[in-house]
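Here's data_6.cif, which has mmCIF, C-alpha atoms:
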```
data_upload
loop_
_atom_site.group_PDB
_atom_site.id
_atom_site.type_symbol
_atom_site.label_atom_id
_atom_site.label_comp_id
_atom_site.auth_asym_id
_atom_site.auth_seq_id
_atom_site.Cartn_x
_atom_site.Cartn_y
_atom_site.Cartn_z
ATOM 1 C CA MET A 1 -33.815 -7.153 32.029
ATOM 2 C CA ASP A 2 -33.025 -6.819 35.713
ATOM 3 C CA VAL A 3 -35.182 -9.113 37.785
ATOM 4 C CA LEU A 4 -38.712 -8.113 38.877
ATOM 5 C CA ARG A 5 -38.051 -6.571 42.330
ATOM 6 C CA ILE A 6 -41.010 -7.989 44.224
ATOM 7 C CA ASP A 7 -39.412 -7.733 47.656
ATOM 8 C CA LEU A 8 -39.906 -3.964 47.720
ATOM 9 C CA LEU A 9 -43.619 -4.385 47.192
ATOM 10 C CA PHE A 10 -43.941 -6.853 50.058
ATOM 11 C CA LYS A 11 -41.839 -4.665 52.338
ATOM 12 C CA ILE A 12 -44.059 -1.653 51.783
ATOM 13 C CA ALA A 13 -47.261 -3.667 52.079
ATOM 14 C CA GLY A 14 -45.935 -5.185 55.316
ATOM 15 C CA ILE A 15 -45.135 -1.764 56.728
ATOM 16 C CA GLY A 16 -48.573 -0.497 55.775
ATOM 17 C CA ILE A 17 -50.430 -3.378 57.430
ATOM 18 C CA PHE A 18 -48.185 -3.320 60.480
ATOM 19 C CA ILE A 19 -48.730 0.378 61.030
ATOM 20 C CA SER A 20 -52.480 0.251 60.594
ATOM 21 C CA VAL A 21 -52.696 -2.552 63.178
ATOM 22 C CA LEU A 22 -50.380 -0.764 65.609
ATOM 23 C CA SER A 23 -52.254 2.520 65.308
ATOM 24 C CA ILE A 24 -55.524 0.720 66.114
ATOM 25 C CA ILE A 25 -53.884 -0.759 69.210
ATOM 26 C CA LEU A 26 -52.498 2.610 70.218
ATOM 27 C CA THR A 27 -55.832 4.374 69.789
ATOM 28 C CA GLN A 28 -57.487 1.783 72.050
ATOM 29 C CA ALA A 29 -54.774 2.393 74.646
ATOM 30 C CA GLU A 30 -55.889 6.085 74.579
ATOM 31 C CA LYS A 31 -52.522 7.247 73.116
ATOM 32 C CA GLU A 32 -53.859 9.144 70.097
ATOM 33 C CA GLU A 33 -50.810 11.406 69.685
ATOM 34 C CA GLN A 34 -48.453 8.413 69.566
ATOM 35 C CA ALA A 35 -50.709 6.800 66.957
ATOM 36 C CA GLN A 36 -50.431 9.974 64.901
ATOM 37 C CA MET A 37 -46.639 9.942 65.259
ATOM 38 C CA LEU A 38 -46.580 6.302 64.201
ATOM 39 C CA THR A 39 -48.646 7.031 61.101
ATOM 40 C CA LEU A 40 -46.315 9.865 60.196
ATOM 41 C CA ALA A 41 -43.225 7.709 60.724
ATOM 42 C CA GLY A 42 -44.656 4.937 58.563
ATOM 43 C CA ALA A 43 -45.493 7.310 55.764
ATOM 44 C CA VAL A 44 -41.991 8.826 55.864
ATOM 45 C CA ILE A 45 -40.278 5.432 55.756
ATOM 46 C CA VAL A 46 -42.330 4.266 52.805
ATOM 47 C CA LEU A 47 -41.794 7.600 51.063
ATOM 48 C CA LEU A 48 -38.017 7.239 51.383
ATOM 49 C CA MET A 49 -38.137 3.756 49.870
ATOM 50 C CA VAL A 50 -40.298 4.951 46.985
ATOM 51 C CA LEU A 51 -38.032 7.945 46.377
ATOM 52 C CA ARG A 52 -35.007 5.678 46.020
ATOM 53 C CA LEU A 53 -36.970 3.583 43.540
ATOM 54 C CA LEU A 54 -38.008 6.705 41.644
ATOM 55 C CA GLY A 55 -34.340 7.675 41.400
ATOM 56 C CA ASP A 56 -33.599 4.290 39.848
ATOM 57 C CA LEU A 57 -36.415 4.762 37.340
ATOM 58 C CA PHE A 58 -35.178 8.196 36.291
ATOM 59 C CA ASP A 59 -31.583 6.939 35.983
ATOM 60 C CA SER A 60 -32.535 3.994 33.792
ATOM 61 C CA ILE A 61 -34.748 6.159 31.577
ATOM 62 C CA ARG A 62 -31.979 8.753 31.314
ATOM 63 C CA VAL A 63 -29.503 6.061 30.250
ATOM 64 C CA ILE A 64 -31.814 4.379 27.737
ATOM 65 C CA PHE A 65 -33.162 7.516 26.085
ATOM 66 C CA ASN A 66 -29.836 9.386 26.657
ATOM 67 C CA LEU A 67 -31.884 12.337 27.886
ATOM 68 C CA TYR A 68 -29.118 14.428 29.450
ATOM 69 C CA MET B 1 -26.059 -9.278 7.214
ATOM 70 C CA ILE B 2 -27.578 -5.873 7.845
ATOM 71 C CA VAL B 3 -28.105 -6.151 11.570
ATOM 72 C CA SER B 4 -25.942 -8.528 13.531
ATOM 73 C CA GLY B 5 -25.769 -8.286 17.323
ATOM 74 C CA SER B 6 -28.877 -6.566 18.500
ATOM 75 C CA PHE B 7 -31.237 -8.507 16.246
ATOM 76 C CA LEU B 8 -30.043 -11.850 17.603
ATOM 77 C CA THR B 9 -30.437 -10.816 21.234
ATOM 78 C CA CYS B 10 -34.033 -9.800 20.488
ATOM 79 C CA THR B 11 -34.998 -13.274 19.378
ATOM 80 C CA LYS B 12 -33.961 -14.870 22.685
ATOM 81 C CA ALA B 13 -36.235 -12.946 25.047
ATOM 82 C CA GLY B 14 -39.899 -12.034 24.793
ATOM 83 C CA ASP B 15 -41.807 -15.301 25.373
ATOM 84 C CA LEU B 16 -44.760 -15.987 27.693
ATOM 85 C CA VAL B 17 -42.917 -15.920 31.016
ATOM 86 C CA GLU B 18 -42.433 -12.141 31.095
ATOM 87 C CA ILE B 19 -46.093 -11.215 30.719
ATOM 88 C CA VAL B 20 -47.138 -13.881 33.241
ATOM 89 C CA GLN B 21 -44.699 -12.425 35.772
ATOM 90 C CA VAL B 22 -45.927 -8.888 35.222
ATOM 91 C CA VAL B 23 -49.636 -9.746 35.331
ATOM 92 C CA GLY B 24 -49.347 -11.984 38.393
ATOM 93 C CA PHE B 25 -47.280 -9.416 40.214
ATOM 94 C CA ALA B 26 -49.697 -6.601 39.341
ATOM 95 C CA ILE B 27 -52.728 -8.567 40.589
ATOM 96 C CA ILE B 28 -51.007 -9.390 43.887
ATOM 97 C CA ALA B 29 -50.127 -5.742 44.275
ATOM 98 C CA ALA B 30 -53.707 -4.650 43.523
ATOM 99 C CA ILE B 31 -54.964 -6.922 46.288
ATOM 100 C CA PHE B 32 -52.455 -5.429 48.718
ATOM 101 C CA ILE B 33 -53.632 -1.954 47.767
ATOM 102 C CA ILE B 34 -57.259 -2.812 48.481
ATOM 103 C CA LEU B 35 -56.157 -4.261 51.792
ATOM 104 C CA ILE B 36 -54.336 -1.101 52.838
ATOM 105 C CA ARG B 37 -56.507 1.560 51.212
ATOM 106 C CA GLN B 38 -59.239 1.892 53.807
ATOM 107 C CA SER B 39 -56.887 2.219 56.793
ATOM 108 C CA ARG B 40 -53.773 3.877 55.276
ATOM 109 C CA PRO B 41 -54.693 5.621 51.990
ATOM 110 C CA GLU B 42 -51.321 7.423 51.684
ATOM 111 C CA ILE B 43 -49.345 4.195 51.890
ATOM 112 C CA ALA B 44 -51.720 2.604 49.360
ATOM 113 C CA GLN B 45 -50.975 5.457 46.974
ATOM 114 C CA LEU B 46 -47.231 5.020 47.476
ATOM 115 C CA LEU B 47 -47.668 1.285 46.923
ATOM 116 C CA SER B 48 -49.345 1.848 43.568
ATOM 117 C CA ILE B 49 -46.494 4.171 42.519
ATOM 118 C CA THR B 50 -44.007 1.511 43.569
ATOM 119 C CA ILE B 51 -45.619 -1.195 41.471
ATOM 120 C CA GLY B 52 -45.701 1.075 38.433
ATOM 121 C CA ILE B 53 -42.011 1.872 38.777
ATOM 122 C CA ILE B 54 -40.979 -1.735 39.363
ATOM 123 C CA ILE B 55 -42.824 -3.015 36.284
ATOM 124 C CA ILE B 56 -41.476 -0.215 34.096
ATOM 125 C CA VAL B 57 -37.879 -0.662 35.256
ATOM 126 C CA TYR B 58 -38.227 -4.378 34.563
ATOM 127 C CA LEU B 59 -39.474 -3.720 31.024
ATOM 128 C CA LEU B 60 -36.929 -1.017 30.189
ATOM 129 C CA GLY B 61 -34.386 -3.771 29.588
ATOM 130 C CA TYR B 62 -36.419 -5.110 26.692
ATOM 131 C CA LEU B 63 -37.014 -1.583 25.450
ATOM 132 C CA LYS B 64 -33.257 -1.075 25.319
ATOM 133 C CA MET B 65 -32.921 -4.012 22.931
ATOM 134 C CA VAL B 66 -35.515 -2.518 20.582
ATOM 135 C CA ILE B 67 -33.814 0.864 20.698
ATOM 136 C CA ASP B 68 -30.401 -0.648 19.927
ATOM 137 C CA LEU B 69 -31.972 -2.486 16.991
ATOM 138 C CA ILE B 70 -33.545 0.695 15.655
ATOM 139 C CA THR B 71 -30.329 2.684 16.017
ATOM 140 C CA ASP B 72 -28.393 -0.053 14.182
ATOM 141 C CA MET B 73 -30.880 -0.009 11.314
ATOM 142 C CA ALA B 74 -30.881 3.782 11.198
ATOM 143 C CA LEU B 75 -27.084 3.863 11.009
ATOM 144 C CA GLU B 76 -27.254 1.333 8.185
ATOM 145 C CA ALA B 77 -29.735 3.620 6.406
ATOM 146 C CA LYS B 78 -27.393 6.595 7.026
ATOM 147 C CA VAL B 79 -30.030 8.601 8.904
ATOM 148 C CA SER B 80 -28.316 11.579 10.562
ATOM 149 C CA PRO B 81 -27.818 10.837 14.302
ATOM 150 C CA LEU B 82 -29.366 14.220 15.238
ATOM 151 C CA PHE B 83 -32.840 13.115 14.173
ATOM 152 C CA LEU B 84 -32.577 9.777 15.938
ATOM 153 C CA ARG B 85 -31.183 11.261 19.122
ATOM 154 C CA THR B 86 -33.940 13.859 19.268
ATOM 155 C CA LEU B 87 -36.544 11.215 18.523
ATOM 156 C CA PHE B 88 -35.483 9.068 21.467
ATOM 157 C CA ARG B 89 -35.185 12.066 23.766
ATOM 158 C CA VAL B 90 -38.705 13.159 22.840
ATOM 159 C CA ILE B 91 -39.995 9.666 23.552
ATOM 160 C CA GLY B 92 -38.265 9.695 26.926
ATOM 161 C CA VAL B 93 -39.694 13.077 27.900
ATOM 162 C CA ALA B 94 -43.156 12.074 26.677
ATOM 163 C CA TYR B 95 -43.073 8.887 28.699
ATOM 164 C CA LEU B 96 -41.879 10.594 31.882
ATOM 165 C CA ALA B 97 -44.537 13.312 31.580
ATOM 166 C CA GLU B 98 -47.184 10.644 31.053
ATOM 167 C CA PHE B 99 -45.947 8.695 34.066
ATOM 168 C CA GLY B 100 -46.021 11.774 36.296
ATOM 169 C CA ALA B 101 -49.458 12.783 35.045
ATOM 170 C CA GLN B 102 -50.870 9.309 35.722
ATOM 171 C CA VAL B 103 -49.466 9.266 39.248
ATOM 172 C CA CYS B 104 -50.987 12.669 39.980
ATOM 173 C CA ARG B 105 -54.343 11.604 38.533
ATOM 174 C CA ASP B 106 -54.282 8.484 40.737
ATOM 175 C CA ALA B 107 -53.692 10.703 43.731
ATOM 176 C CA GLY B 108 -56.779 12.691 42.678
ATOM 177 C CA GLU B 109 -54.881 15.775 41.473
ATOM 178 C CA GLY B 110 -56.260 16.170 37.944
ATOM 179 C CA SER B 111 -55.154 19.797 37.634
ATOM 180 C CA ILE B 112 -51.538 19.020 38.513
ATOM 181 C CA ALA B 113 -51.602 16.191 35.977
ATOM 182 C CA GLY B 114 -52.726 18.684 33.334
ATOM 183 C CA LYS B 115 -49.864 21.005 34.290
ATOM 184 C CA ILE B 116 -47.341 18.173 33.941
ATOM 185 C CA GLU B 117 -48.636 17.263 30.499
ATOM 186 C CA PHE B 118 -48.491 20.909 29.482
ATOM 187 C CA ALA B 119 -44.875 21.123 30.649
ATOM 188 C CA GLY B 120 -44.060 17.927 28.740
ATOM 189 C CA LYS B 121 -45.517 19.386 25.552
ATOM 190 C CA ILE B 122 -43.457 22.560 25.880
ATOM 191 C CA ILE B 123 -40.233 20.666 26.556
ATOM 192 C CA ILE B 124 -40.818 18.419 23.554
ATOM 193 C CA LEU B 125 -41.498 21.471 21.404
ATOM 194 C CA ILE B 126 -38.215 23.020 22.498
ATOM 195 C CA MET B 127 -36.326 19.796 21.785
ATOM 196 C CA ALA B 128 -37.820 19.652 18.291
ATOM 197 C CA ILE B 129 -36.599 23.124 17.291
ATOM 198 C CA PRO B 130 -33.270 21.973 15.734
ATOM 199 C CA ILE B 131 -35.152 19.552 13.501
ATOM 200 C CA LEU B 132 -37.625 22.241 12.435
ATOM 201 C CA VAL B 133 -34.719 24.521 11.547
ATOM 202 C CA SER B 134 -32.974 21.847 9.508
ATOM 203 C CA ILE B 135 -36.228 21.085 7.656
ATOM 204 C CA MET B 136 -36.692 24.759 6.855
ATOM 205 C CA GLU B 137 -33.142 24.952 5.507
ATOM 206 C CA GLY B 138 -33.807 21.886 3.372
ATOM 207 C CA ILE B 139 -36.940 23.473 1.911
ATOM 208 C CA VAL B 140 -35.257 26.815 1.266
ATOM 209 C CA LYS B 141 -32.551 25.030 -0.752
ATOM 210 C CA PHE B 142 -35.192 23.654 -3.159
ATOM 211 C CA ILE B 143 -36.693 27.063 -3.895
ATOM 212 C CA PRO B 144 -34.569 28.554 -6.754
#
```
Just dump the structure as structure tokens.
Amino acid sequence: MDVLRIDLLFKIAGIGIFISVLSIILTQAEKEEQAQMLTLAGAVIVLLMVLRLLGDLFDSIRVIFNLY
Amino acid sequence: MIVSGSFLTCTKAGDLVEIVQVVGFAIIAAIFIILIRQSRPEIAQLLSITIGIIIIVYLLGYLKMVIDLITDMALEAKVSPLFLRTLFRVIGVAYLAEFGAQVCRDAGEGSIAGKIEFAGKIIILIMAIPILVSIMEGIVKFIP
């Protein structure tokens, strides 16, 4: 019964909104390639967070169902 | 008293507050996803995976109580641990395959989801082989 980890959700949502706003600003400043880089960076950061969470899920399932 | 520890812990948890937390949290997350989907679809997809994982990890604690209860009862009923262990492993594999398939279907990859389910079926079949063998041996003993 560990606590409901809501902070992760808000972190990722914040990153998503922040990046979409920044990329709009960058595209208006005619810096398309930097906007692309920013989108890529955002996706990678969020992916790393989700991967860590996925690792936790697999560990807890492995422990509970003593899978291997 | 057949079942002591695990049964008592079950009675404490499991009232309204858990489901309210989960439902409220899921609705908030759905709104965030709508907000992000039109500008950053990949992050929206990752967000939906995150919410699924968080809710499941939160609920696995309660699942553990039920599993401890079942194992206690099975030991009382002298069920051989092999069957129980395989049963729980099969449930774990089935759940993980289902989780992976759902995520892939959300991302629009129906074919990959089918492959994952197919792999899950094969793995479960392989895990069930010892039980099949022991059943066969049991049957053969009855035939004179």
Exercise for the section: List, as a list in words, every residue that the PyMOL selection byres ((chain B and resi 123) around 12) selects in the file provided. Expected result: Leu67 of chain A; Thr86, Arg89, Val90, Ile91, Gly92, Val93, Ala94, Leu96, Ala97, Ile116, Glu117, Phe118, Ala119, Gly120, Lys121, Ile122, Ile124, Leu125, Ile126, Met127, Ala128 and Ile129 of chain B
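Using all atoms listed in the file, the shortest contact distance between chain B and any of A:Leu26, A:Ala35, A:Leu40, A:Val50 is found at A:Val50.
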Exercise for the section: Check every residue of chain B for an atom within 7 Å of chain A, counting only C-alpha atoms, and provide those that qualify as a PyMOL selection string. Expected result: chain B and resi 32+36+39-40+43+46-47+50-51+53-54+57-59+61-62+64+88-89+92
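For Gln45 of chain B, the non-local neighbours within 10 Å, defined as residues at least 6 positions apart in the same chain or in other chains and counting only C-alpha atoms, are Ile33, Ile36, Arg37, Val103, Asp106 and Ala107 of chain B.
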I'd like the box whose edges run along x, y and z of the file and which contains every listed atom of segment 95-103 of chain B, padded by 3 Å per side; could you state its centre and edge lengths in Å, one decimal, as lines of an AutoDock Vina configuration file?
```
center_x = -46.4
center_y = 11.0
center_z = 34.0
size_x = 15.0
size_y = 10.6
size_z = 16.5
```
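Closest to Gly100 of chain B among B:Gly52, B:Gly24, B:Ile139, B:Pro81 is B:Gly52, based on all atoms listed in the file.
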